[in-house]
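K.L.:
Okay, here's the structure, questions in a sec.
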Amino acid sequence: GDLAEIWFDGGVGLGADFAAEMAALKKKLQPHAVAFNGCGVVNNSVAWIGTESGHGPYPLWNTQDACGYAPGDADATKLYMPYEADVTLETADTWFYKEAAGYKSFPELVSIYHATVGVGANLLLNLAPPPSTVLPDAAMQLYAKLGGWVRRCYGEGLGAAAGALNATATACHNCTSVALTLPAGAVVDRFQIKEELAGGQRIRQFSIAADGAVVYRGTSVGATHVALLGRNVTASSVELVIEATRGGPATVGLFAVPNPADCAVAAPSTNCTTVSNVRYTGPAYKVVSVASAPACCEACRADTTCAVFTAVQGTHWPYMFSCSLMAAMTGSEPAAGVFSGSPRR
């Protein structure tokens with residue numbers, strides 16, 4: 001049957017002959033499937049967002065002049081590659097089955113949704129099956145809860161949620177602005193924008209005003225942009241203004257005002273999931289000196305590239321911790337006195 005996506009973990013880096021063979025095989029058997037990390041091998045490649053933390057960069061541009069990762073280049077003209085954010089449902093970047101690894105909390109998953117889908121990327125939320133191949137009920141319930149929340153808050157496809165305060169009914173072509181009237185006394189805390197991408201990612205700058213006052217400014221939109229205000233605003237009308245485009249006029253497929261009551265989620269109860277006497281392995285993109293293991297957690301949590309961390313205490317006064325921050329984890333190993341973990345955002 002048809003595959004939606006073929007995954008090349010780390011890219012197709014096994015030599016020109018292998019890459020050519022893979023390109024020919026894909027063209028013959030799965031010509032319509034996209035290829036994750038397939039840049040330079042196939043035409044329909046999907047690029048990595050650059051971290052397995054579930055928190056991608058913003059702005060996010062689907063254009064590049066050479067094969068690479070996010071955030072892309074708004075002025076590039078040679079390659080068009082949407083982004084995919086690969087994240088594990090299990091804690092600590094766990095890609096292979098591990099007994100009792102535990103799952104990310106629901107508030108974490110909502111935060112990840114906003115930082116991946118909400119900045120224009122595709123979200124791949126992985127679950128490693130156990131040896132029995134029977135997927136755990138707890139994981140399935142968590143998937144279902146997230147899916148239900150997305151439909152309730154943001155709707156499906158190009159359609160807004162049924163409870164949205166208001167939304168466009170049709171696409172806005174050659175779009176410069178979109179205005180919506182809201183119910184009297186409406187409270188707003190976010191907006192949802194979807195850009196039509198058949199002609200490329202064209203919106204370069206936009207603003208959103210509530211009752212004539214600008215409450216949000218942004219740059220890239222892409223497939224979806226969720227504009228979180230971080231506060232409540234009371235308004236009777238809102239307007240999306242497209243301030244700059246590239247490559248021609250933009251088409252806005254959807255501009256919606258989700259209902260805050262349908263989107264409310266409690267904050268995570270703790271900042272990190274940690275384990276003792278375990279070292280997470282993988283390339284550290286940054287190593288910092290901190291006073292404690294919780295401080296290492298906070299250093300990772302504050303840096304959205306960081307997916308996991310490892311803290312090793314020094315053996316001499318003042319016994320500072322060497323804190324390694326990693327965008328992806330390759331494995332783990334027993335290590336006495338070492339603390340490792342992943343942030344909750």
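Note on naming: chains are A, B, ... as they come in the structure tokens, residues start from 1 per chain, ligands start from 1 in the order shown.
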Run DSSP on the backbone and grab whatever in segment 138-203 of chain A lands in alpha helix (DSSP H); send it over as a list in words.

P.N.:
Ala138, Ala139, Met140, Gln141, Leu142, Tyr143, Ala144, Lys145, Leu146, Gly147, Gly148, Trp149, Val150, Arg151, Arg152, Cys153 and Tyr154 of chain A

K.L.:
Those residues you just picked out, can you put them in a file as a short mmCIF file (atom, residue, chain, number, x, y, z; two decimals), in the first residue's frame with C-alpha atoms?

P.N.:
data_model
loop_
_atom_site.label_atom_id
_atom_site.label_comp_id
_atom_site.auth_asym_id
_atom_site.auth_seq_id
_atom_site.Cartn_x
_atom_site.Cartn_y
_atom_site.Cartn_z
CA ALA A 138 -2.67 4.64 29.43
CA ALA A 139 -0.83 5.76 26.30
CA MET A 140 -3.91 5.36 24.10
CA GLN A 141 -5.97 7.38 26.56
CA LEU A 142 -3.35 10.14 26.52
CA TYR A 143 -3.36 10.23 22.71
CA ALA A 144 -7.15 10.37 22.72
CA LYS A 145 -7.19 13.14 25.32
CA LEU A 146 -4.79 15.25 23.27
CA GLY A 147 -6.74 14.64 20.07
CA GLY A 148 -10.01 15.53 21.75
CA TRP A 149 -8.52 18.73 23.14
CA VAL A 150 -7.15 19.75 19.72
CA ARG A 151 -10.52 19.24 18.05
CA ARG A 152 -12.33 21.08 20.84
CA CYS A 153 -9.91 24.04 20.90
CA TYR A 154 -8.74 24.29 17.27
#

K.L.:
When you look at segment 70-73 of chain A with a cut-off of 9 Å (counting only C-alpha atoms), what residues show up, excluding the ones that are within fewer than 2 positions of it in the same chain? I need them as a list in words.

P.N.:
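In the requested format, the answer is Ala47, Trp48, Ile49, Gly50, Gly56, Pro57, Tyr58, Pro59, Leu60, Trp61, Asn62, Thr63, Gln64, Asp65, Gly68, Asp75, Ala76, Thr77, Met81 and Tyr83 of chain A.
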
K.L.:
Take the residues from that selection and put them in a file with C-alpha atoms, as an mmCIF file, in the first residue's frame.

P.N.:
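Written out: part.cif:
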data_model
loop_
_atom_site.group_PDB
_atom_site.id
_atom_site.type_symbol
_atom_site.label_atom_id
_atom_site.label_comp_id
_atom_site.auth_asym_id
_atom_site.auth_seq_id
_atom_site.Cartn_x
_atom_site.Cartn_y
_atom_site.Cartn_z
ATOM 1 C CA ALA A 47 13.288 18.645 7.221
ATOM 2 C CA TRP A 48 14.038 18.096 10.912
ATOM 3 C CA ILE A 49 12.998 20.882 13.241
ATOM 4 C CA GLY A 50 16.396 20.600 14.955
ATOM 5 C CA GLY A 56 10.689 24.302 17.783
ATOM 6 C CA PRO A 57 12.045 27.723 16.835
ATOM 7 C CA TYR A 58 9.940 30.650 15.675
ATOM 8 C CA PRO A 59 9.862 32.040 13.039
ATOM 9 C CA LEU A 60 9.935 28.887 10.931
ATOM 10 C CA TRP A 61 10.577 29.208 7.189
ATOM 11 C CA ASN A 62 10.009 26.276 4.816
ATOM 12 C CA THR A 63 12.612 27.617 2.379
ATOM 13 C CA GLN A 64 16.364 26.921 2.337
ATOM 14 C CA ASP A 65 19.217 27.320 -0.136
ATOM 15 C CA GLY A 68 19.660 21.849 6.626
ATOM 16 C CA ASP A 75 14.863 34.757 1.625
ATOM 17 C CA ALA A 76 15.978 31.362 0.264
ATOM 18 C CA THR A 77 14.759 30.293 -3.182
ATOM 19 C CA MET A 81 10.877 21.702 2.772
ATOM 20 C CA TYR A 83 9.398 20.733 8.989
#

K.L.:
Please measure the separation of atom CA of Tyr97 of chain A and atom CA of Pro129 of chain A, giving the value in Å to one decimal.

P.N.:
6.1 Å

K.L.:
From the options A:Asp2, A:Glu52, A:Asp9, A:Glu195, which residue's atoms come nearest to Ala85 of chain A, counting only C-alpha atoms?

P.N.:
A:Glu52

K.L.:
Please return as a ChimeraX atom specification: the residues of segment 94-260 of chain A that backbone DSSP assigns to strand (DSSP E).

P.N.:
/A:122-126,166-167,172-175,177-181,187-195,203-210,213-218,225-234,237-245,250-257

K.L.:
Please produce, as JSON lines, a per-residue contact table for segment 189-225 of chain A versus segment 234-241 of chain A (criterion: any atom at most 10 Å away, only C-alpha atoms considered), showing the nearest atom pair and its distance in Å to one decimal, sorted by chain then residue number.

P.N.:
{"residue": "A:Asp189", "atom": "CA", "partner": "A:Thr234", "partner_atom": "CA", "distance": 8.9}
{"residue": "A:Phe191", "atom": "CA", "partner": "A:Leu240", "partner_atom": "CA", "distance": 9.5}
{"residue": "A:Ile193", "atom": "CA", "partner": "A:Leu240", "partner_atom": "CA", "distance": 9.0}
{"residue": "A:Gln205", "atom": "CA", "partner": "A:Val241", "partner_atom": "CA", "distance": 8.8}
{"residue": "A:Phe206", "atom": "CA", "partner": "A:Val241", "partner_atom": "CA", "distance": 5.6}
{"residue": "A:Ser207", "atom": "CA", "partner": "A:Val241", "partner_atom": "CA", "distance": 5.3}
{"residue": "A:Ile208", "atom": "CA", "partner": "A:Leu240", "partner_atom": "CA", "distance": 4.6}
{"residue": "A:Ala209", "atom": "CA", "partner": "A:Glu239", "partner_atom": "CA", "distance": 5.2}
{"residue": "A:Ala210", "atom": "CA", "partner": "A:Val238", "partner_atom": "CA", "distance": 4.4}
{"residue": "A:Asp211", "atom": "CA", "partner": "A:Ser237", "partner_atom": "CA", "distance": 5.4}
{"residue": "A:Gly212", "atom": "CA", "partner": "A:Val238", "partner_atom": "CA", "distance": 7.5}
{"residue": "A:Ala213", "atom": "CA", "partner": "A:Val238", "partner_atom": "CA", "distance": 9.1}
{"residue": "A:Val214", "atom": "CA", "partner": "A:Glu239", "partner_atom": "CA", "distance": 9.0}
{"residue": "A:Val215", "atom": "CA", "partner": "A:Val238", "partner_atom": "CA", "distance": 9.6}
{"residue": "A:Tyr216", "atom": "CA", "partner": "A:Leu240", "partner_atom": "CA", "distance": 9.5}
{"residue": "A:Arg217", "atom": "CA", "partner": "A:Val241", "partner_atom": "CA", "distance": 9.6}

K.L.:
May I have the residues from that selection written out with C-alpha atoms, as a tab-separated table (two decimals), in the first residue's frame?

P.N.:
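What follows is the written file part_22.tsv:
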chain	number	residue	atom	x	y	z
A	189	ASP	CA	-6.42	34.70	24.73
A	191	PHE	CA	-5.76	33.33	17.58
A	193	ILE	CA	-4.16	31.32	11.38
A	205	GLN	CA	4.90	39.82	8.62
A	206	PHE	CA	1.48	40.30	10.19
A	207	SER	CA	-0.28	41.84	13.15
A	208	ILE	CA	-3.55	41.23	14.98
A	209	ALA	CA	-5.59	44.03	16.53
A	210	ALA	CA	-8.41	43.85	19.07
A	211	ASP	CA	-10.81	46.81	18.97
A	212	GLY	CA	-8.20	48.69	16.95
A	213	ALA	CA	-5.23	48.11	19.30
A	214	VAL	CA	-2.46	45.74	18.19
A	215	VAL	CA	-2.21	42.80	20.60
A	216	TYR	CA	0.06	40.48	18.63
A	217	ARG	CA	2.80	40.74	15.99

K.L.:
Quick one: everything within 9 Å of segment 290-297 of chain A, counting only C-alpha atoms, minus sequence neighbours fewer than 3 positions away in the same chain. Send it as a list of chain:residue names.

P.N.:
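The residues satisfying every condition are A:Asn271, A:Cys272, A:Thr273, A:Thr274, A:Cys300, A:Arg301, A:Ala302, A:Val308, A:Phe309, A:Thr310, A:Ala311, A:Val312, A:Gln313, A:Pro318, A:Tyr319, A:Met320, A:Phe321, A:Ser322, A:Cys323, A:Ser324, A:Leu325, A:Val338, A:Phe339, A:Ser340, A:Gly341, A:Ser342, A:Pro343.
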
K.L.:
Which residue, A:Ala336, A:Cys175, A:Asp137, A:Thr51, has the smallest gap to Ala244 of chain A when you use only C-alpha atoms?

P.N.:
A:Cys175

K.L.:
Please identify all polymer residues within 6 Å of segment 114-124 of chain A, counting only C-alpha atoms, omitting same-chain residues fewer than 4 positions from it, and present them as a list in words.

P.N.:
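Result of the neighbour search: His55, Gly56, Tyr83, Glu84, Ala85, Asp86, Gly222, Ala223, Thr224, His225 and Val226 of chain A.
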
K.L.:
Emit the selected residues as an mmCIF file, in the first residue's frame, including all heavy atoms.

P.N.:
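New file selection_2.cif:
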data_model
loop_
_atom_site.group_PDB
_atom_site.id
_atom_site.type_symbol
_atom_site.label_atom_id
_atom_site.label_comp_id
_atom_site.auth_asym_id
_atom_site.auth_seq_id
_atom_site.Cartn_x
_atom_site.Cartn_y
_atom_site.Cartn_z
ATOM 1 N N HIS A 55 9.914 21.507 21.157
ATOM 2 C CA HIS A 55 9.770 22.970 21.189
ATOM 3 C C HIS A 55 10.629 23.567 20.089
ATOM 4 O O HIS A 55 11.830 23.758 20.237
ATOM 5 C CB HIS A 55 10.142 23.521 22.569
ATOM 6 C CG HIS A 55 9.149 23.142 23.624
ATOM 7 N ND1 HIS A 55 8.147 23.985 24.041
ATOM 8 C CD2 HIS A 55 8.963 21.992 24.299
ATOM 9 C CE1 HIS A 55 7.399 23.373 24.940
ATOM 10 N NE2 HIS A 55 7.886 22.156 25.115
ATOM 11 N N GLY A 56 9.978 23.821 18.952
ATOM 12 C CA GLY A 56 10.689 24.302 17.783
ATOM 13 C C GLY A 56 10.910 25.801 17.810
ATOM 14 O O GLY A 56 10.324 26.527 18.613
ATOM 15 N N TYR A 83 8.657 21.295 7.855
ATOM 16 C CA TYR A 83 9.398 20.733 8.989
ATOM 17 C C TYR A 83 8.562 19.715 9.756
ATOM 18 O O TYR A 83 7.343 19.806 9.821
ATOM 19 C CB TYR A 83 9.830 21.855 9.941
ATOM 20 C CG TYR A 83 10.856 22.760 9.320
ATOM 21 C CD1 TYR A 83 10.471 23.935 8.691
ATOM 22 C CD2 TYR A 83 12.208 22.425 9.324
ATOM 23 C CE1 TYR A 83 11.398 24.764 8.094
ATOM 24 C CE2 TYR A 83 13.146 23.244 8.726
ATOM 25 C CZ TYR A 83 12.733 24.410 8.112
ATOM 26 O OH TYR A 83 13.655 25.212 7.509
ATOM 27 N N GLU A 84 9.286 18.768 10.343
ATOM 28 C CA GLU A 84 8.647 17.792 11.223
ATOM 29 C C GLU A 84 9.364 17.783 12.569
ATOM 30 O O GLU A 84 10.597 17.788 12.628
ATOM 31 C CB GLU A 84 8.689 16.398 10.613
ATOM 32 C CG GLU A 84 7.968 15.344 11.459
ATOM 33 C CD GLU A 84 7.695 14.085 10.682
ATOM 34 O OE1 GLU A 84 8.553 13.183 10.663
ATOM 35 O OE2 GLU A 84 6.608 14.012 10.062
ATOM 36 N N ALA A 85 8.578 17.777 13.622
ATOM 37 C CA ALA A 85 9.102 17.711 14.986
ATOM 38 C C ALA A 85 8.858 16.316 15.525
ATOM 39 O O ALA A 85 7.713 15.899 15.685
ATOM 40 C CB ALA A 85 8.418 18.749 15.871
ATOM 41 N N ASP A 86 9.937 15.575 15.776
ATOM 42 C CA ASP A 86 9.822 14.212 16.288
ATOM 43 C C ASP A 86 9.984 14.228 17.810
ATOM 44 O O ASP A 86 10.977 14.699 18.332
ATOM 45 C CB ASP A 86 10.843 13.283 15.628
ATOM 46 C CG ASP A 86 12.270 13.807 15.714
ATOM 47 O OD1 ASP A 86 12.454 15.036 15.710
ATOM 48 O OD2 ASP A 86 13.207 12.993 15.786
ATOM 49 N N GLY A 222 2.744 29.864 7.789
ATOM 50 C CA GLY A 222 2.843 28.479 7.348
ATOM 51 C C GLY A 222 1.540 27.730 7.498
ATOM 52 O O GLY A 222 0.454 28.311 7.494
ATOM 53 N N ALA A 223 1.635 26.405 7.648
ATOM 54 C CA ALA A 223 0.445 25.560 7.702
ATOM 55 C C ALA A 223 -0.498 25.992 8.822
ATOM 56 O O ALA A 223 -1.718 26.028 8.649
ATOM 57 C CB ALA A 223 0.841 24.102 7.876
ATOM 58 N N THR A 224 0.067 26.307 9.973
ATOM 59 C CA THR A 224 -0.729 26.762 11.127
ATOM 60 C C THR A 224 0.125 27.670 11.989
ATOM 61 O O THR A 224 1.309 27.396 12.200
ATOM 62 C CB THR A 224 -1.209 25.578 11.984
ATOM 63 O OG1 THR A 224 -2.055 24.725 11.217
ATOM 64 C CG2 THR A 224 -1.988 26.066 13.206
ATOM 65 N N HIS A 225 -0.475 28.729 12.464
ATOM 66 C CA HIS A 225 0.185 29.523 13.503
ATOM 67 C C HIS A 225 -0.826 29.779 14.611
ATOM 68 O O HIS A 225 -1.924 30.283 14.360
ATOM 69 C CB HIS A 225 0.698 30.860 12.970
ATOM 70 C CG HIS A 225 1.429 31.659 14.015
ATOM 71 N ND1 HIS A 225 2.684 31.308 14.465
ATOM 72 C CD2 HIS A 225 1.063 32.746 14.737
ATOM 73 C CE1 HIS A 225 3.078 32.162 15.395
ATOM 74 N NE2 HIS A 225 2.114 33.037 15.583
ATOM 75 N N VAL A 226 -0.462 29.390 15.820
ATOM 76 C CA VAL A 226 -1.282 29.681 16.991
ATOM 77 C C VAL A 226 -0.635 30.856 17.711
ATOM 78 O O VAL A 226 0.492 30.747 18.213
ATOM 79 C CB VAL A 226 -1.392 28.464 17.925
ATOM 80 C CG1 VAL A 226 -2.175 28.842 19.182
ATOM 81 C CG2 VAL A 226 -2.066 27.303 17.209
#

K.L.:
Which residues come within 7 Å of Asn259 of chain A, counting only C-alpha atoms, excluding same-chain residues fewer than 5 positions away, as a list in words?

P.N.:
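Counting only the stated atoms, we get Cys153, Gly163, Ala164 and Leu165 of chain A.
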
K.L.:
Suppose we keep N, CA, C and O atoms; can you now write the selection as a compact mmCIF listing (two decimals), in the first residue's frame?

P.N.:
# COMPACT_ATOMS: atom_id res chain seq x y z
N CYS A 153 -10.49 22.69 20.87
CA CYS A 153 -9.91 24.04 20.90
C CYS A 153 -9.70 24.60 19.50
O CYS A 153 -10.01 25.78 19.25
N GLY A 163 -16.88 25.49 18.84
CA GLY A 163 -17.15 26.50 19.86
C GLY A 163 -16.37 27.79 19.69
O GLY A 163 -16.37 28.63 20.60
N ALA A 164 -15.69 27.97 18.56
CA ALA A 164 -14.90 29.19 18.35
C ALA A 164 -15.76 30.44 18.47
O ALA A 164 -16.95 30.43 18.09
N LEU A 165 -15.17 31.50 18.98
CA LEU A 165 -15.91 32.76 19.13
C LEU A 165 -16.30 33.34 17.77
O LEU A 165 -17.33 33.97 17.64

K.L.:
Go through A:Arg246, A:Lys78, A:His316, A:Arg279 one by one, measure the shortest atom-to-atom distance of each to Met329 of chain A using only C-alpha atoms, and give the residue with the smallest value.

P.N.:
A:Arg279

K.L.:
Could you name the residues that touch Ala4 of chain A at 10 Å or less, counting only C-alpha atoms, but leaving out those on the same chain fewer than 6 positions away, as a list in words?

P.N.:
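My reading of the contact set: Gln30, His32, Ala33, Val34 and Ala35 of chain A.
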
K.L.:
State, in Å with one decimal place, the distance from atom CA of Ala66 of chain A to atom CA of Leu79 of chain A.

P.N.:
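So the two atoms, atom CA of Ala66 of chain A and atom CA of Leu79 of chain A, lie 7.0 Å apart.
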
K.L.:
Grab the atom CA of Leu125 of chain A to atom CA of Val46 of chain A distance for me, in Å with one decimal place.

P.N.:
15.8 Å

K.L.:
Neighbouring residues of Tyr285 of chain A were defined as those with any atom within 10 Å, considering only C-alpha atoms; residues of the same chain fewer than 2 positions away were excluded. Please report them as a PyMOL selection string.

P.N.:
chain A and resi 282-283+287+305-306+324-328

K.L.:
Closest to Gly230 of chain A among A:Pro136, A:Pro260, A:Pro131, A:Gly337, using only C-alpha atoms?

P.N.:
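Among the listed residues, the smallest separation from Gly230 of chain A belongs to A:Pro260.
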
K.L.:
From the options A:Leu3, A:Ile112, A:Ala335, A:Met22, which residue's atoms come nearest to Val275 of chain A, counting only C-alpha atoms?

P.N.:
A:Ala335
